[in-house]
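A.B. asks: This is the structure I want to talk about, given as structure tokens.
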Amino acid sequence: MTGAAAAPRRIELKAERDIAAARSAVSRACDELQASALRKVRFVTAVSEIARNALEHGGGGTLEISASRAPRRIAVLCHDNGPGILDIDQAMRDGFTTAGSMGKGLGGARRLVDRFEIRNRPEGGVEVRMSSQV
Amino acid sequence: MKNALQTVLALLGEDYDSILQAWLETQKAEGVRRPDLFSDRESRRQLGDILRGLGEGISRSDLSEGIALDADSWTDLRATLDEVTQERVERGVSPSEMATFILAMKQPVFARLRERLAADPTRLIEEITQFSRVVDALAMHTNEHFIEARDQVIERQRAEMMELSTPVVQLWDRVLTIPLIGTLDSMRAQEVMENLLNAIVEHSAEVVIVDITGVRVVDTQVAQHLLRTAAAVRLMGAEAIISGISPKIAQTMVELGVDVGEVTTRPTIRAALAHAFRRVGFSIEKVENARG
């Protein structure tokens, strides 16, 4: 048991404004943990990237936020409803994009957090887990 | 059998005033009358309209097949309900209050049915069941309309906010600024770009300061919108300065791998303004013996 943990929060990602909702929910969770401003911005930015990825390439998905107090960590689990990623290594590489965007979202997100895992789920869709000490 | 609700129909005709009064009393008892928002006269008018529409609807429909509120026979009542819901939503009534407002109609009608049909319990149960279903359908319809109306309000406010939130301000001759606040989604980015480019033409601007002090998160998409805006500004022959990049945002942008290229950036709007003045050939001087 790692101290009192807040209940995980879920956000359905269906439209662009849900990305903003995801950002503010994660931002609130960071505030509750009294995260430093820099760590908060880094994590929230990473969440913004993976949420947008789920929405644009996965046709929408779900983001779950969980927090623990000792040690102070914040974590998210994001999965989408899409066809999955053909070549994950390629998708993580900077500059690779199928959407006309910068192609730095996933790689950038990985650099912004402590732990980053991405995989195709056996039942379909992409799953990203990220966590950081805040 | 003529109508499954013939007793209710008769009651609505003969006992209209007292039902309306009792309905109002029930609303008062349930705390949904809201005298703070609606005068007695307004409330009576709303209830009267609904009761009249209800009577018409019942007399014109065949209830043996269940209640289909979207049928033609209910058109008037639907319109009345939508109107009343609209009026109440706009003054800030909650969805559950609105449902209770409608459901409070049951008690006075039930009480009168009990008196009238005391000798015919089968008929009594039938009418109570039927009438209950009708009123439930009304409450449901109200709720759906309520959500719809609220969505419209939110959408309208969103549109208004969007317009308000992208004001282009002329700071000096040929110097413009656009302070961005909150989130910069694709729709707003488009709006910002359009407003800005039009303003450049209108004011013959040479320098444009895009201030992101109020933007909390710059992810790759926001960065891309900003850089595209800067590129379009450059195509118009002006220079774009992105100001208000905090140390946190700067570090995050570097980790993301965002390269701002040749776009001028400044940490504060003040530094950006100093740059802009030099660029358009003005200087700021301290005046000795200045009087307030």
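In the structure tokens, chains take letters A, B, ... by order of appearance, with residues numbered from 1 within each chain and ligands from 1 in the order shown.
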Please build the interface table for chain A against chain B with a cut-off of 7 Å, listing for each qualifying residue the nearest atom pair and the distance in Å to one decimal; count only C-alpha atoms, order rows by chain and increasing number, and write it as JSON lines.

C.D. replies:
```
{"residue": "A:Leu38", "atom": "CA", "partner": "B:Lys248", "partner_atom": "CA", "distance": 5.2}
{"residue": "A:Val41", "atom": "CA", "partner": "B:Val217", "partner_atom": "CA", "distance": 6.6}
{"residue": "A:Arg42", "atom": "CA", "partner": "B:Thr252", "partner_atom": "CA", "distance": 5.8}
{"residue": "A:Thr45", "atom": "CA", "partner": "B:Asp219", "partner_atom": "CA", "distance": 5.5}
{"residue": "A:Ser48", "atom": "CA", "partner": "B:Asp219", "partner_atom": "CA", "distance": 6.7}
{"residue": "A:Glu49", "atom": "CA", "partner": "B:Asp219", "partner_atom": "CA", "distance": 6.6}
{"residue": "A:Met102", "atom": "CA", "partner": "B:Thr220", "partner_atom": "CA", "distance": 6.8}
{"residue": "A:Lys104", "atom": "CA", "partner": "B:Leu256", "partner_atom": "CA", "distance": 6.5}
{"residue": "A:Gly105", "atom": "CA", "partner": "B:Thr220", "partner_atom": "CA", "distance": 6.1}
{"residue": "A:Gly108", "atom": "CA", "partner": "B:Leu256", "partner_atom": "CA", "distance": 4.0}
{"residue": "A:Ala109", "atom": "CA", "partner": "B:Leu256", "partner_atom": "CA", "distance": 6.9}
{"residue": "A:Arg111", "atom": "CA", "partner": "B:Glu255", "partner_atom": "CA", "distance": 6.1}
{"residue": "A:Leu112", "atom": "CA", "partner": "B:Glu255", "partner_atom": "CA", "distance": 6.4}
```

A.B. asks: Got a sec to tell me which of region 42-270 of chain B DSSP assigns to strand (DSSP E), as number ranges by chain?

C.D. replies: B: 169-172, 175-181, 207-214, 239-243, 264-266

A.B. asks: Next, write the just-selected residues to a file, as a short mmCIF file (atom, residue, chain, number, x, y, z; two decimals), in the first residue's frame, keeping N, CA and C atoms as the atom set.

C.D. replies:
```
data_model
loop_
_atom_site.label_atom_id
_atom_site.label_comp_id
_atom_site.auth_asym_id
_atom_site.auth_seq_id
_atom_site.Cartn_x
_atom_site.Cartn_y
_atom_site.Cartn_z
N VAL B 169 -4.96 43.51 -31.35
CA VAL B 169 -4.87 44.86 -30.81
C VAL B 169 -3.73 45.61 -31.48
N GLN B 170 -4.01 46.85 -31.88
CA GLN B 170 -2.91 47.65 -32.43
C GLN B 170 -2.18 48.33 -31.28
N LEU B 171 -0.88 48.06 -31.15
CA LEU B 171 -0.11 48.62 -30.05
C LEU B 171 0.47 49.97 -30.43
N TRP B 172 0.89 50.06 -31.68
CA TRP B 172 1.48 51.28 -32.20
C TRP B 172 1.33 51.24 -33.70
N VAL B 175 2.40 48.05 -35.51
CA VAL B 175 2.69 46.98 -34.53
C VAL B 175 1.38 46.44 -33.97
N LEU B 176 1.18 45.14 -34.15
CA LEU B 176 -0.04 44.51 -33.64
C LEU B 176 0.31 43.46 -32.60
N THR B 177 -0.66 43.14 -31.74
CA THR B 177 -0.47 42.00 -30.84
C THR B 177 -1.75 41.20 -30.76
N ILE B 178 -1.59 39.91 -30.56
CA ILE B 178 -2.73 39.06 -30.32
C ILE B 178 -2.41 38.20 -29.10
N PRO B 179 -3.05 38.51 -27.98
CA PRO B 179 -2.78 37.75 -26.76
C PRO B 179 -3.62 36.47 -26.76
N LEU B 180 -2.97 35.33 -26.69
CA LEU B 180 -3.70 34.06 -26.70
C LEU B 180 -3.87 33.55 -25.28
N ILE B 181 -5.07 33.05 -25.00
CA ILE B 181 -5.37 32.58 -23.65
C ILE B 181 -6.05 31.22 -23.73
N VAL B 207 5.09 44.40 -37.75
CA VAL B 207 5.45 43.45 -36.70
C VAL B 207 4.19 42.99 -35.98
N VAL B 208 4.15 41.70 -35.74
CA VAL B 208 3.00 41.12 -35.05
C VAL B 208 3.52 40.33 -33.86
N ILE B 209 3.03 40.66 -32.66
CA ILE B 209 3.46 39.93 -31.47
C ILE B 209 2.37 38.93 -31.07
N VAL B 210 2.70 37.66 -31.18
CA VAL B 210 1.75 36.62 -30.74
C VAL B 210 2.14 36.25 -29.32
N ASP B 211 1.32 36.66 -28.36
CA ASP B 211 1.70 36.46 -26.96
C ASP B 211 1.04 35.22 -26.39
N ILE B 212 1.85 34.27 -25.91
CA ILE B 212 1.28 33.01 -25.40
C ILE B 212 1.45 32.90 -23.89
N THR B 213 1.59 34.04 -23.21
CA THR B 213 1.69 34.02 -21.75
C THR B 213 0.51 33.25 -21.13
N GLY B 214 -0.67 33.41 -21.73
CA GLY B 214 -1.87 32.79 -21.17
C GLY B 214 -2.14 31.38 -21.67
N GLU B 239 6.78 40.65 -39.73
CA GLU B 239 7.55 39.75 -38.87
C GLU B 239 6.68 39.32 -37.70
N ALA B 240 6.74 38.02 -37.37
CA ALA B 240 5.99 37.55 -36.21
C ALA B 240 6.95 37.32 -35.06
N ILE B 241 6.58 37.78 -33.88
CA ILE B 241 7.36 37.49 -32.69
C ILE B 241 6.47 36.69 -31.76
N ILE B 242 6.96 35.55 -31.31
CA ILE B 242 6.19 34.80 -30.32
C ILE B 242 6.74 35.17 -28.95
N SER B 243 5.89 35.73 -28.11
CA SER B 243 6.36 36.17 -26.80
C SER B 243 5.62 35.42 -25.70
N THR B 264 11.23 34.71 -34.57
CA THR B 264 11.72 35.46 -33.42
C THR B 264 10.90 35.12 -32.19
N THR B 265 11.55 34.84 -31.08
CA THR B 265 10.82 34.57 -29.84
C THR B 265 11.39 35.45 -28.74
N ARG B 266 10.53 35.79 -27.79
CA ARG B 266 10.95 36.60 -26.65
C ARG B 266 10.28 36.06 -25.40
#
```

A.B. asks: So, with only C-alpha atoms as the atoms that count, which of B:Val8, B:Val287, B:Ile125, B:Leu235 lies closest to Arg112 (chain B)?

C.D. replies: B:Val8

A.B. asks: For Pro83 (chain A), list every protein, DNA or RNA residue within 7 Å, evaluated using only C-alpha atoms, and leave out those in the same chain fewer than 6 positions away; present the list as a PDB file with C-alpha atoms, in the first residue's frame.

C.D. replies:
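The result, stored in part_4.pdb:
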```pdb
ATOM      1  CA  GLY A  58      -7.296   5.582 -33.077  1.00  0.00           C
ATOM      2  CA  GLY A 124      -7.197  -4.283 -30.872  1.00  0.00           C
ATOM      3  CA  GLY A 125      -6.169  -0.657 -30.509  1.00  0.00           C
TER       4      GLY A 125
END
```

A.B. asks: Write out as a ChimeraX atom specification each polymer residue whose atoms come within 8 Å of region 136-143 of chain B, counting only C-alpha atoms; drop sequence neighbours fewer than 4 positions from it.

C.D. replies: /B:67,69,81-82,85,95,98-100,102-103,132,147

A.B. asks: Please measure the separation of CA of Gly59 (chain A) and CA of Ala75 (chain A), giving the value in Å to one decimal.

C.D. replies: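 CA of Gly59 (chain A) sits 22.4 Å away from CA of Ala75 (chain A).
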
A.B. asks: Using backbone DSSP assignments, extract all helix (DSSP H, G or I) residues from region 93-289 of chain B; output them as number ranges by chain.

C.D. replies: B: 95-103, 106-116, 121-164, 186-203, 220-235, 247-256, 269-280

A.B. asks: Quick one: write out the picked residues with C-alpha atoms as a compact mmCIF listing (two decimals), in the first residue's frame?

C.D. replies:
```txt
# COMPACT_ATOMS: atom_id res chain seq x y z
CA PRO B 95 -33.14 19.26 -15.03
CA SER B 96 -34.44 17.44 -11.95
CA GLU B 97 -36.51 20.46 -10.91
CA MET B 98 -37.96 20.56 -14.39
CA ALA B 99 -38.92 16.86 -14.21
CA THR B 100 -40.50 17.30 -10.77
CA PHE B 101 -42.32 20.34 -12.10
CA ILE B 102 -44.11 18.12 -14.64
CA LEU B 103 -44.47 15.04 -12.44
CA LYS B 106 -49.94 13.43 -11.08
CA GLN B 107 -51.07 13.95 -7.49
CA PRO B 108 -53.99 16.32 -8.06
CA VAL B 109 -55.27 14.25 -10.97
CA PHE B 110 -54.89 10.98 -9.06
CA ALA B 111 -56.78 12.42 -6.09
CA ARG B 112 -59.69 13.44 -8.31
CA LEU B 113 -59.72 10.11 -10.14
CA ARG B 114 -59.98 8.32 -6.79
CA GLU B 115 -63.07 10.32 -5.91
CA ARG B 116 -64.77 9.92 -9.24
CA PRO B 121 -61.59 0.15 -9.09
CA THR B 122 -60.66 -1.57 -12.37
CA ARG B 123 -61.28 1.60 -14.31
CA LEU B 124 -59.47 3.62 -11.62
CA ILE B 125 -56.32 1.53 -11.87
CA GLU B 126 -56.43 1.63 -15.64
CA GLU B 127 -56.72 5.40 -15.81
CA ILE B 128 -54.08 5.96 -13.16
CA THR B 129 -51.68 3.67 -14.99
CA GLN B 130 -52.35 5.29 -18.34
CA PHE B 131 -52.18 8.82 -17.04
CA SER B 132 -48.95 8.02 -15.24
CA ARG B 133 -47.45 6.84 -18.49
CA VAL B 134 -48.53 10.00 -20.27
CA VAL B 135 -47.05 12.25 -17.60
CA ASP B 136 -43.83 10.22 -17.48
CA ALA B 137 -43.53 10.62 -21.24
CA LEU B 138 -43.99 14.37 -20.84
CA ALA B 139 -41.30 14.55 -18.18
CA MET B 140 -38.97 12.53 -20.37
CA HIS B 141 -39.62 14.77 -23.34
CA THR B 142 -38.97 17.82 -21.20
CA ASN B 143 -35.70 16.34 -20.05
CA GLU B 144 -34.57 15.64 -23.59
CA HIS B 145 -35.47 19.11 -24.67
CA PHE B 146 -33.73 20.49 -21.60
CA ILE B 147 -30.46 18.81 -22.56
CA GLU B 148 -30.82 19.98 -26.13
CA ALA B 149 -31.49 23.55 -25.02
CA ARG B 150 -28.53 23.49 -22.69
CA ASP B 151 -26.26 22.15 -25.42
CA GLN B 152 -27.35 25.02 -27.61
CA VAL B 153 -26.52 27.52 -24.88
CA ILE B 154 -23.08 25.97 -24.42
CA GLU B 155 -22.44 25.93 -28.16
CA ARG B 156 -23.48 29.58 -28.44
CA GLN B 157 -21.28 30.62 -25.54
CA ARG B 158 -18.42 28.68 -27.05
CA ALA B 159 -18.83 30.53 -30.32
CA GLU B 160 -19.04 33.86 -28.52
CA MET B 161 -15.99 33.09 -26.44
CA MET B 162 -14.09 32.08 -29.52
CA GLU B 163 -14.76 35.43 -31.12
CA LEU B 164 -13.94 37.30 -27.96
CA SER B 186 -7.46 23.65 -34.46
CA MET B 187 -10.60 25.73 -34.71
CA ARG B 188 -9.19 28.60 -32.66
CA ALA B 189 -5.86 28.40 -34.46
CA GLN B 190 -7.71 28.91 -37.73
CA GLU B 191 -9.58 31.86 -36.23
CA VAL B 192 -6.37 33.41 -34.90
CA MET B 193 -4.66 33.07 -38.25
CA GLU B 194 -7.55 34.66 -40.15
CA ASN B 195 -8.02 37.56 -37.75
CA LEU B 196 -4.32 38.24 -37.69
CA LEU B 197 -3.76 38.19 -41.44
CA ASN B 198 -6.74 40.45 -42.03
CA ALA B 199 -5.51 42.87 -39.38
CA ILE B 200 -2.06 42.98 -41.00
CA VAL B 201 -3.63 44.24 -44.21
CA GLU B 202 -5.97 46.62 -42.41
CA HIS B 203 -3.25 48.27 -40.29
CA THR B 220 3.42 19.72 -30.83
CA GLN B 221 0.09 20.70 -32.32
CA VAL B 222 0.00 24.12 -30.66
CA ALA B 223 3.63 24.65 -31.66
CA GLN B 224 2.80 23.73 -35.21
CA HIS B 225 -0.14 26.17 -35.26
CA LEU B 226 2.09 28.93 -33.93
CA LEU B 227 4.85 28.26 -36.44
CA ARG B 228 2.38 28.10 -39.32
CA THR B 229 0.88 31.39 -38.22
CA ALA B 230 4.35 32.91 -38.10
CA ALA B 231 5.09 31.58 -41.58
CA ALA B 232 1.87 33.09 -42.97
CA VAL B 233 2.67 36.41 -41.31
CA ARG B 234 6.07 36.33 -42.99
CA LEU B 235 4.45 35.66 -46.35
CA PRO B 247 11.09 28.66 -18.83
CA LYS B 248 8.82 25.64 -18.27
CA ILE B 249 7.36 25.87 -21.74
CA ALA B 250 10.80 26.41 -23.28
CA GLN B 251 12.18 23.26 -21.64
CA THR B 252 9.14 21.25 -22.61
CA MET B 253 9.37 22.42 -26.22
CA VAL B 254 13.00 21.39 -26.42
CA GLU B 255 12.18 17.90 -25.12
CA LEU B 256 9.38 17.63 -27.64
CA ILE B 269 5.68 40.82 -24.26
CA ARG B 270 7.78 43.71 -23.00
CA ALA B 271 10.93 42.37 -24.64
CA ALA B 272 8.94 41.72 -27.79
CA LEU B 273 7.61 45.27 -27.82
CA ALA B 274 11.12 46.70 -27.47
CA HIS B 275 12.18 44.60 -30.46
CA ALA B 276 9.13 45.72 -32.43
CA PHE B 277 9.80 49.41 -31.78
CA ARG B 278 13.36 49.13 -33.00
CA ARG B 279 12.15 47.31 -36.06
CA VAL B 280 9.65 50.03 -37.04
```

A.B. asks: Report, in Å with one decimal, the straight-line distance from CA of Ile58 (chain B) to CA of Leu5 (chain B).

C.D. replies: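 Interatomic distance, CA of Ile58 (chain B) to CA of Leu5 (chain B): 7.2 Å.
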
A.B. asks: I'd like to know which of A:Ala21, A:Leu77, A:Val134, A:Gly60 is closest to Ala37 (chain A), using only C-alpha atoms.

C.D. replies: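 Of A:Ala21, A:Leu77, A:Val134, A:Gly60, the one nearest Ala37 (chain A), counting only C-alpha atoms, is A:Val134.
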
A.B. asks: Work out how far apart CA of Ser18 (chain B) and CA of Gly48 (chain B) are and give it in Å to one decimal.

C.D. replies: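 Atom-to-atom, CA of Ser18 (chain B) and CA of Gly48 (chain B) are spaced 11.2 Å apart.
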
A.B. asks: Which is closest to Ala4 (chain B) among B:Arg45, B:Leu24, B:Ile19, B:Gly66, if we use only C-alpha atoms?

C.D. replies: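 For Ala4 (chain B), the nearest of the candidates is B:Gly66.
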